[in-house]
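Next comes upload03.txt, with compact mmCIF, C-alpha atoms (C1' of nucleotides).
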# COMPACT_ATOMS: atom_id res chain seq x y z
CA MET A 877 153.13 98.13 -35.64
CA THR A 878 152.98 100.09 -38.86
CA ALA A 879 153.22 103.78 -38.24
CA LEU A 880 151.16 106.12 -40.35
CA ASP A 881 151.81 109.69 -41.39
CA ILE A 882 149.02 112.09 -40.67
CA GLY A 883 148.22 112.36 -44.37
CA GLU A 884 147.81 108.62 -44.63
CA VAL A 885 145.49 108.55 -41.65
CA ALA A 886 143.52 111.39 -43.19
CA ARG A 887 143.20 109.57 -46.48
CA ARG A 888 142.21 106.29 -44.90
CA ALA A 889 139.79 107.72 -42.38
CA GLY A 890 138.23 110.31 -44.64
CA VAL A 891 139.10 113.06 -42.17
CA SER A 892 141.11 116.17 -42.98
CA VAL A 893 144.66 116.57 -41.75
CA SER A 894 143.72 119.73 -39.90
CA ALA A 895 140.88 117.93 -38.16
CA LEU A 896 143.28 115.21 -37.04
CA ARG A 897 145.62 117.76 -35.50
CA PHE A 898 142.61 119.37 -33.89
CA TYR A 899 141.47 116.04 -32.44
CA GLU A 900 144.93 115.38 -31.11
CA GLU A 901 145.04 118.79 -29.49
CA LYS A 902 141.71 118.02 -27.83
CA GLY A 903 142.96 114.67 -26.63
CA LEU A 904 140.64 112.54 -28.71
CA ILE A 905 143.43 110.76 -30.50
CA ALA A 906 147.12 110.40 -29.80
CA SER A 907 150.14 109.88 -31.99
CA VAL A 908 152.57 107.16 -31.02
CA GLY A 909 155.50 109.52 -31.45
CA ARG A 910 157.33 111.52 -34.05
CA ARG A 911 159.65 110.83 -36.89
CA GLY A 912 161.49 114.08 -37.20
CA LEU A 913 158.69 116.60 -36.98
CA ARG A 914 156.08 114.22 -38.22
CA ARG A 915 153.49 112.65 -36.03
CA GLN A 916 153.23 108.93 -36.41
CA PHE A 917 149.93 107.24 -35.76
CA GLY A 918 149.21 103.62 -35.03
CA GLU A 919 146.61 101.87 -37.12
CA ASP A 920 144.28 101.67 -34.16
CA VAL A 921 143.61 105.37 -34.56
CA LEU A 922 141.46 104.49 -37.55
CA GLU A 923 139.00 102.59 -35.45
CA ARG A 924 138.94 105.39 -32.95
CA LEU A 925 138.15 107.86 -35.69
CA GLN A 926 135.19 105.74 -36.72
CA LEU A 927 133.87 105.91 -33.21
CA ILE A 928 134.41 109.66 -33.12
CA ALA A 929 132.52 110.02 -36.39
CA ALA A 930 129.67 107.95 -35.03
CA GLY A 931 129.51 109.97 -31.85
CA ARG A 932 129.49 113.21 -33.79
CA ALA A 933 126.77 112.05 -36.13
CA ALA A 934 124.70 111.11 -33.12
CA GLY A 935 124.97 114.63 -31.77
CA PHE A 936 127.64 114.20 -29.12
CA THR A 937 130.18 116.97 -28.79
CA LEU A 938 133.87 116.21 -29.03
CA ALA A 939 134.20 116.91 -25.33
CA GLU A 940 131.58 114.31 -24.56
CA ILE A 941 133.20 111.80 -26.85
CA GLY A 942 136.52 112.56 -25.21
CA ARG A 943 135.02 111.72 -21.86
CA MET A 944 133.99 108.29 -23.11
CA PHE A 945 137.53 107.24 -23.85
CA GLY A 946 140.92 108.76 -23.25
CA ALA A 947 143.39 109.39 -26.02
CA ASP A 948 145.61 106.56 -24.89
CA GLY A 949 143.10 103.92 -25.85
CA ARG A 950 142.50 102.96 -22.27
CA VAL A 951 139.17 103.91 -21.08
CA SER A 952 138.71 105.71 -17.83
CA VAL A 953 138.87 103.66 -14.66
CA ASP A 954 135.49 104.79 -13.48
CA ARG A 955 133.44 101.76 -14.43
CA GLN A 956 130.22 103.14 -13.12
CA MET A 957 130.56 106.20 -15.28
CA LEU A 958 131.20 104.03 -18.31
CA GLU A 959 128.10 102.01 -17.65
CA GLU A 960 126.15 105.24 -17.35
CA LYS A 961 127.46 106.44 -20.68
CA ALA A 962 126.54 103.15 -22.25
CA ALA A 963 123.03 103.48 -20.87
CA GLU A 964 122.79 106.98 -22.30
CA LEU A 965 123.90 105.56 -25.58
CA ASP A 966 121.10 103.01 -25.35
CA GLU A 967 118.69 105.86 -25.21
CA VAL A 968 120.22 107.77 -28.09
CA ILE A 969 120.27 104.68 -30.25
CA ALA A 970 116.63 104.00 -29.47
CA GLN A 971 115.71 107.57 -30.41
CA LEU A 972 117.65 107.38 -33.63
CA ASP A 973 116.00 104.10 -34.42
CA VAL A 974 112.58 105.66 -34.05
CA LEU A 975 113.61 108.60 -36.17
CA ARG A 976 114.98 106.33 -38.86
CA THR A 977 111.78 104.35 -38.98
CA LYS A 978 109.78 107.49 -39.34
CA LEU A 979 111.98 108.91 -42.04
CA ARG A 980 111.64 105.72 -43.95
CA HIS A 981 107.89 105.79 -43.54
CA ALA A 982 107.73 109.33 -44.78
CA ALA A 983 109.92 108.46 -47.73
CA ALA A 984 107.60 105.64 -48.70
CA CYS A 985 104.37 107.47 -48.01
CA PRO A 986 102.08 107.66 -51.03
CA ALA A 987 100.25 110.84 -50.01
CA PRO A 988 100.60 113.63 -52.58
CA SER A 989 101.89 116.04 -49.98
CA HIS A 990 103.62 115.05 -46.78
CA LEU A 991 101.45 117.37 -44.79
CA GLU A 992 98.45 115.29 -45.82
CA CYS A 993 100.03 112.09 -44.62
CA PRO A 994 99.01 110.99 -41.15
CA THR A 995 102.27 109.16 -40.59
CA PHE A 996 104.23 112.21 -41.49
CA ARG A 997 102.16 114.38 -39.20
CA ARG A 998 102.69 111.99 -36.34
CA MET A 999 106.40 112.17 -36.97
CA LEU A 1000 106.37 115.94 -36.85
CA ARG A 1001 104.58 115.92 -33.55
CA ALA A 1002 107.04 113.42 -32.15
CA ALA A 1003 110.01 115.42 -33.36
CA SER A 1004 108.83 118.65 -31.83
CA ARG A 1005 107.90 117.07 -28.53
CA GLY A 1006 110.89 114.86 -27.87
CA GLY A 1007 113.06 117.85 -28.64
CA GLY A 1008 115.13 115.85 -31.03
CA VAL A 1009 118.21 113.80 -31.06
CA SER A 1010 120.76 116.53 -31.26
CA ARG A 1011 119.91 117.70 -27.81
CA SER A 1012 122.81 116.37 -25.88
CA PRO A 1013 122.00 113.51 -23.58
CA PHE A 1014 125.17 114.10 -21.64
CA GLY A 1015 125.92 116.60 -18.96
CA GLU A 1016 127.24 120.00 -19.74
CA PRO A 1017 130.98 120.60 -20.41
CA MET M 1461 92.65 133.52 -38.37
CA THR M 1462 93.96 133.96 -34.88
CA ALA M 1463 97.16 135.94 -34.82
CA LEU M 1464 99.83 134.99 -32.33
CA ASP M 1465 102.45 137.10 -30.62
CA ILE M 1466 105.96 135.79 -30.88
CA GLY M 1467 105.98 134.84 -27.20
CA GLU M 1468 102.88 132.76 -27.67
CA VAL M 1469 104.41 130.98 -30.64
CA ALA M 1470 107.54 130.37 -28.61
CA ARG M 1471 105.57 128.94 -25.74
CA ARG M 1472 103.43 126.73 -27.94
CA ALA M 1473 106.24 125.50 -30.16
CA GLY M 1474 108.83 125.11 -27.44
CA VAL M 1475 111.27 127.34 -29.30
CA SER M 1476 112.91 130.44 -27.90
CA VAL M 1477 111.80 133.89 -29.01
CA SER M 1478 115.28 134.69 -30.25
CA ALA M 1479 115.32 131.52 -32.31
CA LEU M 1480 112.00 132.50 -33.88
CA ARG M 1481 113.35 135.89 -34.92
CA PHE M 1482 116.43 134.12 -36.21
CA TYR M 1483 114.30 131.72 -38.25
CA GLU M 1484 112.31 134.59 -39.67
CA GLU M 1485 115.48 136.40 -40.66
CA LYS M 1486 116.63 133.26 -42.45
CA GLY M 1487 113.31 132.93 -44.23
CA LEU M 1488 112.26 129.70 -42.57
CA ILE M 1489 109.13 131.19 -41.14
CA ALA M 1490 107.18 134.37 -41.92
CA SER M 1491 104.96 136.61 -39.87
CA VAL M 1492 101.62 137.61 -41.32
CA GLY M 1493 102.19 141.24 -40.39
CA ARG M 1494 102.61 143.51 -37.41
CA ARG M 1495 100.42 144.96 -34.74
CA GLY M 1496 102.28 148.05 -33.79
CA LEU M 1497 105.81 146.78 -33.56
CA ARG M 1498 104.84 143.26 -32.81
CA ARG M 1499 105.07 140.47 -35.27
CA GLN M 1500 101.92 138.50 -35.65
CA PHE M 1501 102.11 134.87 -36.65
CA GLY M 1502 99.43 132.68 -38.09
CA GLU M 1503 98.78 129.36 -36.42
CA ASP M 1504 100.20 127.55 -39.42
CA VAL M 1505 103.65 128.65 -38.27
CA LEU M 1506 103.38 126.02 -35.55
CA GLU M 1507 103.22 123.24 -38.09
CA ARG M 1508 106.13 124.78 -39.89
CA LEU M 1509 108.12 124.80 -36.70
CA GLN M 1510 107.35 121.13 -36.19
CA LEU M 1511 108.72 120.45 -39.60
CA ILE M 1512 111.83 122.46 -38.80
CA ALA M 1513 112.31 120.57 -35.54
CA ALA M 1514 111.96 117.25 -37.31
CA GLY M 1515 114.46 118.29 -39.94
CA ARG M 1516 116.95 119.38 -37.31
CA ALA M 1517 116.52 116.16 -35.41
CA ALA M 1518 117.26 114.25 -38.59
CA GLY M 1519 120.48 116.16 -39.11
CA PHE M 1520 119.46 118.64 -41.78
CA THR M 1521 120.90 122.15 -41.55
CA LEU M 1522 118.57 125.14 -41.47
CA ALA M 1523 119.66 125.96 -45.00
CA GLU M 1524 118.67 122.50 -46.16
CA ILE M 1525 115.37 122.76 -44.39
CA GLY M 1526 114.82 126.13 -46.00
CA ARG M 1527 115.32 124.53 -49.38
CA MET M 1528 112.57 122.04 -48.61
CA PHE M 1529 110.05 124.83 -48.51
CA GLY M 1530 109.48 126.00 -52.04
CA ALA M 1531 109.75 129.67 -52.87
CA ASP M 1532 105.98 129.90 -52.55
CA GLY M 1533 106.03 128.42 -49.08
CA ARG M 1534 104.81 125.11 -50.40
CA VAL M 1535 106.41 122.14 -48.69
CA SER M 1536 108.19 119.75 -50.95
CA VAL M 1537 110.21 117.22 -49.09
CA ASP M 1538 112.16 115.09 -51.45
CA ARG M 1539 111.42 111.45 -50.71
CA GLN M 1540 114.79 110.39 -51.93
CA MET M 1541 116.38 112.81 -49.52
CA LEU M 1542 114.48 111.23 -46.67
CA GLU M 1543 115.58 107.78 -47.72
CA GLU M 1544 119.16 108.98 -47.88
CA LYS M 1545 118.96 110.38 -44.38
CA ALA M 1546 117.47 107.13 -43.18
CA ALA M 1547 120.37 105.25 -44.76
CA GLU M 1548 122.82 107.57 -43.03
CA LEU M 1549 121.10 106.84 -39.77
CA ASP M 1550 121.56 103.13 -40.43
CA GLU M 1551 125.30 103.65 -40.45
CA VAL M 1552 125.32 105.95 -37.48
CA ILE M 1553 123.31 103.51 -35.45
CA ALA M 1554 125.59 100.63 -36.36
CA GLN M 1555 128.64 102.61 -35.31
CA LEU M 1556 127.03 103.76 -32.09
CA ASP M 1557 126.29 100.16 -31.35
CA VAL M 1558 130.00 99.45 -31.61
CA LEU M 1559 130.78 102.38 -29.35
CA ARG M 1560 128.25 101.22 -26.79
CA THR M 1561 129.69 97.74 -26.88
CA LYS M 1562 133.16 99.12 -26.26
CA LEU M 1563 132.05 101.20 -23.32
CA ARG M 1564 130.06 98.46 -21.74
CA HIS M 1565 132.88 96.06 -22.13
CA ALA M 1566 135.38 98.47 -20.69
CA ALA M 1567 133.10 98.89 -17.71
CA ALA M 1568 132.99 95.16 -17.11
CA CYS M 1569 136.27 93.74 -18.34
CA PRO M 1570 139.17 93.29 -15.95
CA ALA M 1571 141.78 92.95 -18.73
CA PRO M 1572 144.39 95.73 -18.73
CA SER M 1573 143.73 96.61 -22.35
CA HIS M 1574 140.62 95.61 -24.19
CA LEU M 1575 142.61 94.92 -27.31
CA GLU M 1576 144.07 91.98 -25.42
CA CYS M 1577 140.73 90.58 -24.51
CA PRO M 1578 139.41 87.89 -26.86
CA THR M 1579 135.86 88.29 -25.62
CA PHE M 1580 135.94 91.89 -26.54
CA ARG M 1581 137.36 91.23 -29.97
CA ARG M 1582 134.61 88.76 -30.65
CA MET M 1583 131.98 91.27 -29.56
CA LEU M 1584 133.45 93.93 -31.74
CA ARG M 1585 133.48 91.71 -34.79
CA ALA M 1586 129.89 90.72 -34.21
CA ALA M 1587 128.77 94.30 -33.71
CA SER M 1588 130.47 95.68 -36.77
CA ARG M 1589 129.69 92.93 -39.22
CA GLY M 1590 128.57 94.25 -42.53
CA GLY M 1591 131.54 96.37 -43.35
CA GLY M 1592 133.21 99.40 -41.92
CA VAL M 1593 132.35 103.00 -42.39
CA SER M 1594 135.35 105.08 -43.24
CA ARG M 1595 133.66 108.36 -43.97
CA SER M 1596 131.53 110.76 -42.13
CA PRO M 1597 128.07 109.31 -42.30
CA PHE M 1598 126.57 112.66 -43.07
CA GLY M 1599 126.79 114.53 -46.32
CA GLU M 1600 129.38 116.77 -47.81
CA PRO M 1601 132.05 118.09 -45.43
C1' DG S 1216 173.00 121.28 -53.09
C1' DT S 1217 168.57 122.43 -54.99
C1' DG S 1218 163.80 121.40 -55.23
C1' DC S 1219 159.79 119.23 -53.98
C1' DT S 1220 156.40 117.68 -50.98
C1' DA S 1221 154.51 116.57 -46.93
C1' DC S 1222 154.79 117.82 -42.82
C1' DC S 1223 155.23 121.38 -38.61
C1' DT S 1224 153.43 125.58 -35.27
C1' DC S 1225 150.60 129.25 -34.10
C1' DA S 1226 147.26 132.76 -34.85
C1' DA S 1227 143.41 134.25 -37.17
C1' DT S 1228 139.24 133.34 -39.49
C1' DG S 1229 134.72 131.20 -40.82
C1' DC S 1230 130.34 128.97 -40.24
C1' DG S 1231 126.10 127.29 -38.05
C1' DA S 1232 122.98 128.22 -34.83
C1' DG S 1233 121.63 130.75 -32.06
C1' DT S 1234 122.00 134.11 -27.29
C1' DT S 1235 122.85 138.38 -24.94
C1' DG S 1236 122.75 143.16 -24.13
C1' DA S 1237 121.91 148.02 -24.86
C1' DG S 1238 118.64 151.13 -25.85
C1' DG S 1239 113.82 151.98 -27.62
C1' DT S 1240 108.42 151.44 -28.26
C1' DC S 1241 103.84 150.44 -27.04
C1' DA S 1242 99.42 149.11 -24.33
C1' DA S 1243 97.47 148.20 -20.03
C1' DG S 1244 96.86 148.69 -15.16
C1' DG S 1245 97.32 150.91 -10.64
C1' DC E 697 101.08 159.81 -14.83
C1' DC E 698 104.13 156.25 -14.24
C1' DT E 699 105.55 151.74 -14.22
C1' DT E 700 105.63 147.09 -15.94
C1' DG E 701 106.10 143.67 -19.28
C1' DA E 702 106.20 142.11 -23.67
C1' DC E 703 107.80 143.24 -27.57
C1' DC E 704 111.28 145.79 -31.04
C1' DT E 705 116.28 146.54 -33.57
C1' DC E 706 120.98 145.90 -34.18
C1' DA E 707 125.42 144.58 -33.00
C1' DA E 708 128.26 141.83 -30.50
C1' DC E 709 129.16 137.67 -28.46
C1' DT E 710 129.31 132.43 -27.51
C1' DC E 711 130.33 127.73 -28.58
C1' DG E 712 131.59 123.81 -31.22
C1' DC E 713 134.30 122.51 -34.93
C1' DA E 714 137.19 123.07 -37.64
C1' DT E 715 139.93 125.64 -41.97
C1' DT E 716 143.28 128.90 -43.72
C1' DG E 717 147.50 131.31 -43.91
C1' DA E 718 152.09 132.67 -42.82
C1' DG E 719 156.41 131.20 -42.01
C1' DG E 720 159.45 127.13 -41.02
C1' DT E 721 161.57 122.11 -41.42
C1' DA E 722 162.77 117.09 -42.67
C1' DG E 723 163.88 113.90 -45.99
C1' DC E 724 163.98 112.13 -50.60
C1' DA E 725 165.02 112.52 -55.60
C1' DC E 726 167.69 114.45 -58.94

Starting from the file, lay out its structure as structure tokens.
Amino acid sequence: MTALDIGEVARRAGVSVSALRFYEEKGLIASVGRRGLRRQFGEDVLERLQLIAAGRAAGFTLAEIGRMFGADGRVSVDRQMLEEKAAELDEVIAQLDVLRTKLRHAAACPAPSHLECPTFRRMLRAASRGGGVSRSPFGEP
Amino acid sequence: MTALDIGEVARRAGVSVSALRFYEEKGLIASVGRRGLRRQFGEDVLERLQLIAAGRAAGFTLAEIGRMFGADGRVSVDRQMLEEKAAELDEVIAQLDVLRTKLRHAAACPAPSHLECPTFRRMLRAASRGGGVSRSPFGEP
DNA sequence: GTGCTACCTCAATGCGAGTTGAGGTCAAGG
DNA sequence: CCTTGACCTCAACTCGCATTGAGGTAGCAC
């Protein structure tokens, strides 16, 4: 397995070196060892970083993301918990899908001002009721 | 025009009183004056707060949202900006779908490591077809 | 062996988005 | 009159997520 220096991982994943060390410290990723002082990462860390980015963009905290999968690549043994997380993810995805649709509507809306557009107004009402996506769907830390 | 106490605005908008003061300080909302010490808000602030909530749900920062309101208080949401956010959501949703697939599989699969499981690999490929995302799906770091 | 560069640790700092707490003001009601 | 409750200011604090800086090291190129 090709081992990657932290800088290489950073470059390939579009994540800063300091963020990678931070993620390792938090147990979200793991190096496969050291070469001298230098951490060496397996290529699989790149996929993991994509998942972390996705989770973050969806409003999950790093702690929550960390609870979905351990740093070692093996997911927790608690299958029921995993299924629960997946179900929560279903909900988040559905919410984001709705939001996306509405954004796209608003972007395409021909009304001179968004506030005059019924679609836009509906979206505002929905956003302020549902509370929004960034409200964490997971339990507290 | 009916003037609202901050507590009333908070109750009606589902936003905390402290957040309202914070938003005022940041120039995202404005009171119409004071009655004694008390800020008085016009009812139009409620619409404004809906807009703020929607923006937050879509991943805009308060500063970005502030920039959407012109200096005169006029709302000018850039349609291109909305389309860009929608496109970002496309990517986020696709990646979350991958994450969900991973979790669900891990919950169901008896294989010791899911990298060894051909079923899983097939699912992953199907879920992530269309190209990988290597950067943060949201804007500038 | 000297330099260069990319790495290392650890502590401090910054930012976004608020919340909390101390101490104060006002209007209404008992 | 006195209390209660809703508001006020201002500063400090929290939390998540990193970045920055100081001081140190490994390995390669010359």

Can you build me a table of chain E residues sitting at most 10 Å from chain A, with the closest atom pair per residue and its distance in Å to one decimal, using all atoms listed in the file, sorted by chain and residue number, as CSV?
residue,atom,partner,partner_atom,distance
E:DG712,C1',A:Thr937,CA,7.4
E:DC713,C1',A:Leu938,CA,8.6
E:DA714,C1',A:Ala895,CA,6.3
E:DT715,C1',A:Ser894,CA,7.3
E:DT716,C1',A:Ser894,CA,9.9
E:DT721,C1',A:Leu913,CA,7.6
E:DA722,C1',A:Gly912,CA,6.4
E:DG723,C1',A:Gly912,CA,9.1

* Asked: Which value, in Å to one decimal, gives the distance between atom CA of M:Leu1506 and atom CA of A:Arg1001?
  ->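 That distance, rounded to one decimal, is 10.4 Å.
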
* To do: Find the residues near stretch 901-907 of chain A: any atom within 12 Å, counting only C-alpha atoms (C1' of nucleotides), skip ones fewer than 4 places away on the same chain, and give them as a PyMOL selection string.
  => (chain A and resi 879-882+885+894-897+911+913-929+931+937-951) or (chain E and resi 713-714)

* Asked: Once you count all atoms listed in the file, which residues of chain A turn out to be within 8 Å of chain M? Could you give them as a VMD selection string?
  -> chain A and resid 888 to 891 926 to 927 929 to 931 933 to 934 944 950 to 951 954 to 956 958 to 959 961 to 962 965 to 966 969 972 to 973 975 to 977 979 to 980 982 to 984 989 to 991 999 to 1001 1003 to 1004 1007 to 1010

* Check every residue of chain S for an atom within 10 Å of chain M, counting only C-alpha atoms (C1' of nucleotides), and provide those that qualify as JSON, numbers by chain. => {"S": [1231, 1232, 1233, 1234, 1235, 1240, 1241, 1242]}

* **Between atom C1' of S:DC1223 and atom C1' of E:DC711 - distance in Å to one decimal** =>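 Those two atoms sit 27.6 Å apart.
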
* Asked: Quick one, how far is atom CA of M:Arg1471 from atom CA of M:Phe1520?
  ->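 Atom CA of M:Arg1471 sits 23.6 Å away from atom CA of M:Phe1520.
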
So for stretch 1219-1232 of chain S, what box centre and size do we get, axis-aligned, 6 Å extra on each of the six sides, every listed atom, Å to one decimal, as AutoDock Vina command-line options?
--center_x 141.4 --center_y 125.4 --center_z -44.0 --size_x 48.8 --size_y 29.7 --size_z 31.9

* To do: Excluding E:DT699 and any residue of its chain fewer than 2 positions from it, enumerate the residues within 10 Å of it, using only C-alpha atoms (C1' of nucleotides), and give them as a list in words.
  =>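 Result of the neighbour search: DG1244 and DG1245 of chain S; DC697 and DG701 of chain E.
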
Emit stretch 698-718 of chain E of the structure in the block as a file comprising N, CA and C atoms (P, O5', C5', C4', C3', O3' and C1' of nucleotides), as a short mmCIF file (atom, residue, chain, number, x, y, z; two decimals), in the first residue's frame.
data_model
loop_
_atom_site.label_atom_id
_atom_site.label_comp_id
_atom_site.auth_asym_id
_atom_site.auth_seq_id
_atom_site.Cartn_x
_atom_site.Cartn_y
_atom_site.Cartn_z
P DC E 698 -40.55 50.40 50.62
"O5'" DC E 698 -40.79 48.89 50.16
"C5'" DC E 698 -42.03 48.24 50.44
"C4'" DC E 698 -42.20 47.06 49.49
"C3'" DC E 698 -40.90 46.54 48.90
"O3'" DC E 698 -40.96 45.13 48.92
"C1'" DC E 698 -42.39 47.10 47.14
P DT E 699 -39.64 44.24 48.85
"O5'" DT E 699 -40.09 43.21 47.71
"C5'" DT E 699 -41.40 42.63 47.78
"C4'" DT E 699 -41.93 42.38 46.39
"C3'" DT E 699 -41.02 41.52 45.50
"O3'" DT E 699 -41.78 40.40 45.11
"C1'" DT E 699 -41.89 43.35 44.29
P DT E 700 -41.08 39.05 44.70
"O5'" DT E 700 -41.64 38.89 43.20
"C5'" DT E 700 -42.94 39.41 42.89
"C4'" DT E 700 -43.06 39.62 41.38
"C3'" DT E 700 -42.08 38.80 40.53
"O3'" DT E 700 -42.83 38.16 39.51
"C1'" DT E 700 -41.99 41.07 39.90
P DG E 701 -42.23 36.94 38.74
"O5'" DG E 701 -42.19 37.51 37.24
"C5'" DG E 701 -43.24 38.35 36.79
"C4'" DG E 701 -42.79 39.10 35.55
"C3'" DG E 701 -41.77 38.35 34.69
"O3'" DG E 701 -42.16 38.50 33.33
"C1'" DG E 701 -40.90 40.46 35.25
P DA E 702 -41.59 37.55 32.22
"O5'" DA E 702 -41.26 38.63 31.11
"C5'" DA E 702 -42.15 39.69 30.85
"C4'" DA E 702 -41.34 40.88 30.38
"C3'" DA E 702 -40.24 40.51 29.38
"O3'" DA E 702 -40.45 41.21 28.16
"C1'" DA E 702 -39.43 41.94 31.09
P DC E 703 -39.52 40.92 26.90
"O5'" DC E 703 -38.23 41.83 27.12
"C5'" DC E 703 -38.20 43.09 26.54
"C4'" DC E 703 -37.41 44.06 27.39
"C3'" DC E 703 -35.94 44.22 26.99
"O3'" DC E 703 -35.85 45.06 25.85
"C1'" DC E 703 -36.30 44.45 29.36
P DC E 704 -34.45 45.15 25.13
"O5'" DC E 704 -33.50 45.86 26.19
"C5'" DC E 704 -33.53 47.28 26.33
"C4'" DC E 704 -32.45 47.72 27.29
"C3'" DC E 704 -31.05 47.32 26.86
"O3'" DC E 704 -30.53 48.25 25.94
"C1'" DC E 704 -31.38 46.98 29.21
P DT E 705 -29.28 47.89 25.13
"O5'" DT E 705 -28.10 47.97 26.20
"C5'" DT E 705 -27.80 49.20 26.85
"C4'" DT E 705 -26.56 49.04 27.70
"C3'" DT E 705 -25.33 48.57 26.91
"O3'" DT E 705 -24.23 49.41 27.21
"C1'" DT E 705 -25.74 47.09 28.73
P DC E 706 -23.01 49.48 26.16
"O5'" DC E 706 -21.83 48.78 26.98
"C5'" DC E 706 -21.90 48.67 28.41
"C4'" DC E 706 -21.06 47.49 28.85
"C3'" DC E 706 -20.05 47.00 27.80
"O3'" DC E 706 -18.77 46.90 28.41
"C1'" DC E 706 -21.36 45.19 28.62
P DA E 707 -17.50 46.46 27.46
"O5'" DA E 707 -16.84 45.38 28.42
"C5'" DA E 707 -17.32 45.23 29.78
"C4'" DA E 707 -17.12 43.80 30.23
"C3'" DA E 707 -15.99 43.07 29.52
"O3'" DA E 707 -15.25 42.34 30.52
"C1'" DA E 707 -18.00 41.85 29.28
P DA E 708 -13.95 41.51 30.09
"O5'" DA E 708 -14.40 40.01 30.42
"C5'" DA E 708 -15.23 39.76 31.57
"C4'" DA E 708 -15.83 38.38 31.44
"C3'" DA E 708 -14.86 37.33 30.90
"O3'" DA E 708 -14.96 36.18 31.74
"C1'" DA E 708 -16.85 37.33 29.62
P DC E 709 -13.88 34.99 31.62
"O5'" DC E 709 -14.80 33.90 30.92
"C5'" DC E 709 -16.04 33.52 31.54
"C4'" DC E 709 -16.91 32.75 30.57
"C3'" DC E 709 -16.19 31.59 29.91
"O3'" DC E 709 -16.74 30.39 30.44
"C1'" DC E 709 -17.53 32.84 28.36
P DT E 710 -16.01 28.99 30.07
"O5'" DT E 710 -16.92 28.50 28.86
"C5'" DT E 710 -18.34 28.55 28.97
"C4'" DT E 710 -18.96 28.00 27.71
"C3'" DT E 710 -18.18 26.84 27.08
"O3'" DT E 710 -19.07 25.76 26.92
"C1'" DT E 710 -18.68 28.51 25.46
P DC E 711 -18.51 24.27 26.75
"O5'" DC E 711 -19.06 23.81 25.31
"C5'" DC E 711 -19.92 24.66 24.57
"C4'" DC E 711 -19.71 24.43 23.09
"C3'" DC E 711 -18.66 23.39 22.71
"O3'" DC E 711 -19.23 22.59 21.70
"C1'" DC E 711 -18.17 25.45 21.64
P DG E 712 -18.55 21.23 21.24
"O5'" DG E 712 -18.26 21.55 19.70
"C5'" DG E 712 -19.30 22.05 18.87
"C4'" DG E 712 -18.69 22.55 17.59
"C3'" DG E 712 -17.64 21.61 16.98
"O3'" DG E 712 -17.90 21.54 15.59
"C1'" DG E 712 -16.72 23.77 17.28
P DC E 713 -17.14 20.53 14.75
"O5'" DC E 713 -15.92 21.42 14.22
"C5'" DC E 713 -16.19 22.50 13.34
"C4'" DC E 713 -14.92 23.25 13.05
"C3'" DC E 713 -13.71 22.37 12.66
"O3'" DC E 713 -13.21 22.81 11.41
"C1'" DC E 713 -13.09 24.02 14.19
P DA E 714 -12.50 21.83 10.41
"O5'" DA E 714 -11.20 21.50 11.18
"C5'" DA E 714 -9.93 22.08 11.07
"C4'" DA E 714 -9.85 23.55 11.36
"C3'" DA E 714 -8.48 24.08 11.04
"O3'" DA E 714 -8.50 24.82 9.83
"C1'" DA E 714 -9.34 24.92 13.13
P DT E 715 -7.12 25.03 9.09
"O5'" DT E 715 -6.48 26.27 9.87
"C5'" DT E 715 -7.16 27.51 9.85
"C4'" DT E 715 -6.28 28.57 10.51
"C3'" DT E 715 -4.86 28.67 9.95
"O3'" DT E 715 -4.56 30.06 9.88
"C1'" DT E 715 -4.76 28.25 12.26
P DT E 716 -3.14 30.53 9.23
"O5'" DT E 716 -2.27 30.88 10.52
"C5'" DT E 716 -2.85 31.58 11.60
"C4'" DT E 716 -1.79 31.88 12.66
"C3'" DT E 716 -0.36 31.98 12.14
"O3'" DT E 716 0.27 33.04 12.84
"C1'" DT E 716 -0.48 30.31 13.80
P DG E 717 1.69 33.61 12.39
"O5'" DG E 717 2.60 33.21 13.63
"C5'" DG E 717 2.07 33.29 14.96
"C4'" DG E 717 3.07 32.72 15.94
"C3'" DG E 717 4.52 32.70 15.43
"O3'" DG E 717 5.37 33.06 16.52
"C1'" DG E 717 3.85 30.50 16.00
P DA E 718 6.91 33.40 16.17
"O5'" DA E 718 7.60 32.61 17.37
"C5'" DA E 718 6.86 32.37 18.59
"C4'" DA E 718 7.48 31.19 19.33
"C3'" DA E 718 8.98 31.04 19.08
"O3'" DA E 718 9.61 30.71 20.32
"C1'" DA E 718 7.86 29.05 18.45
#
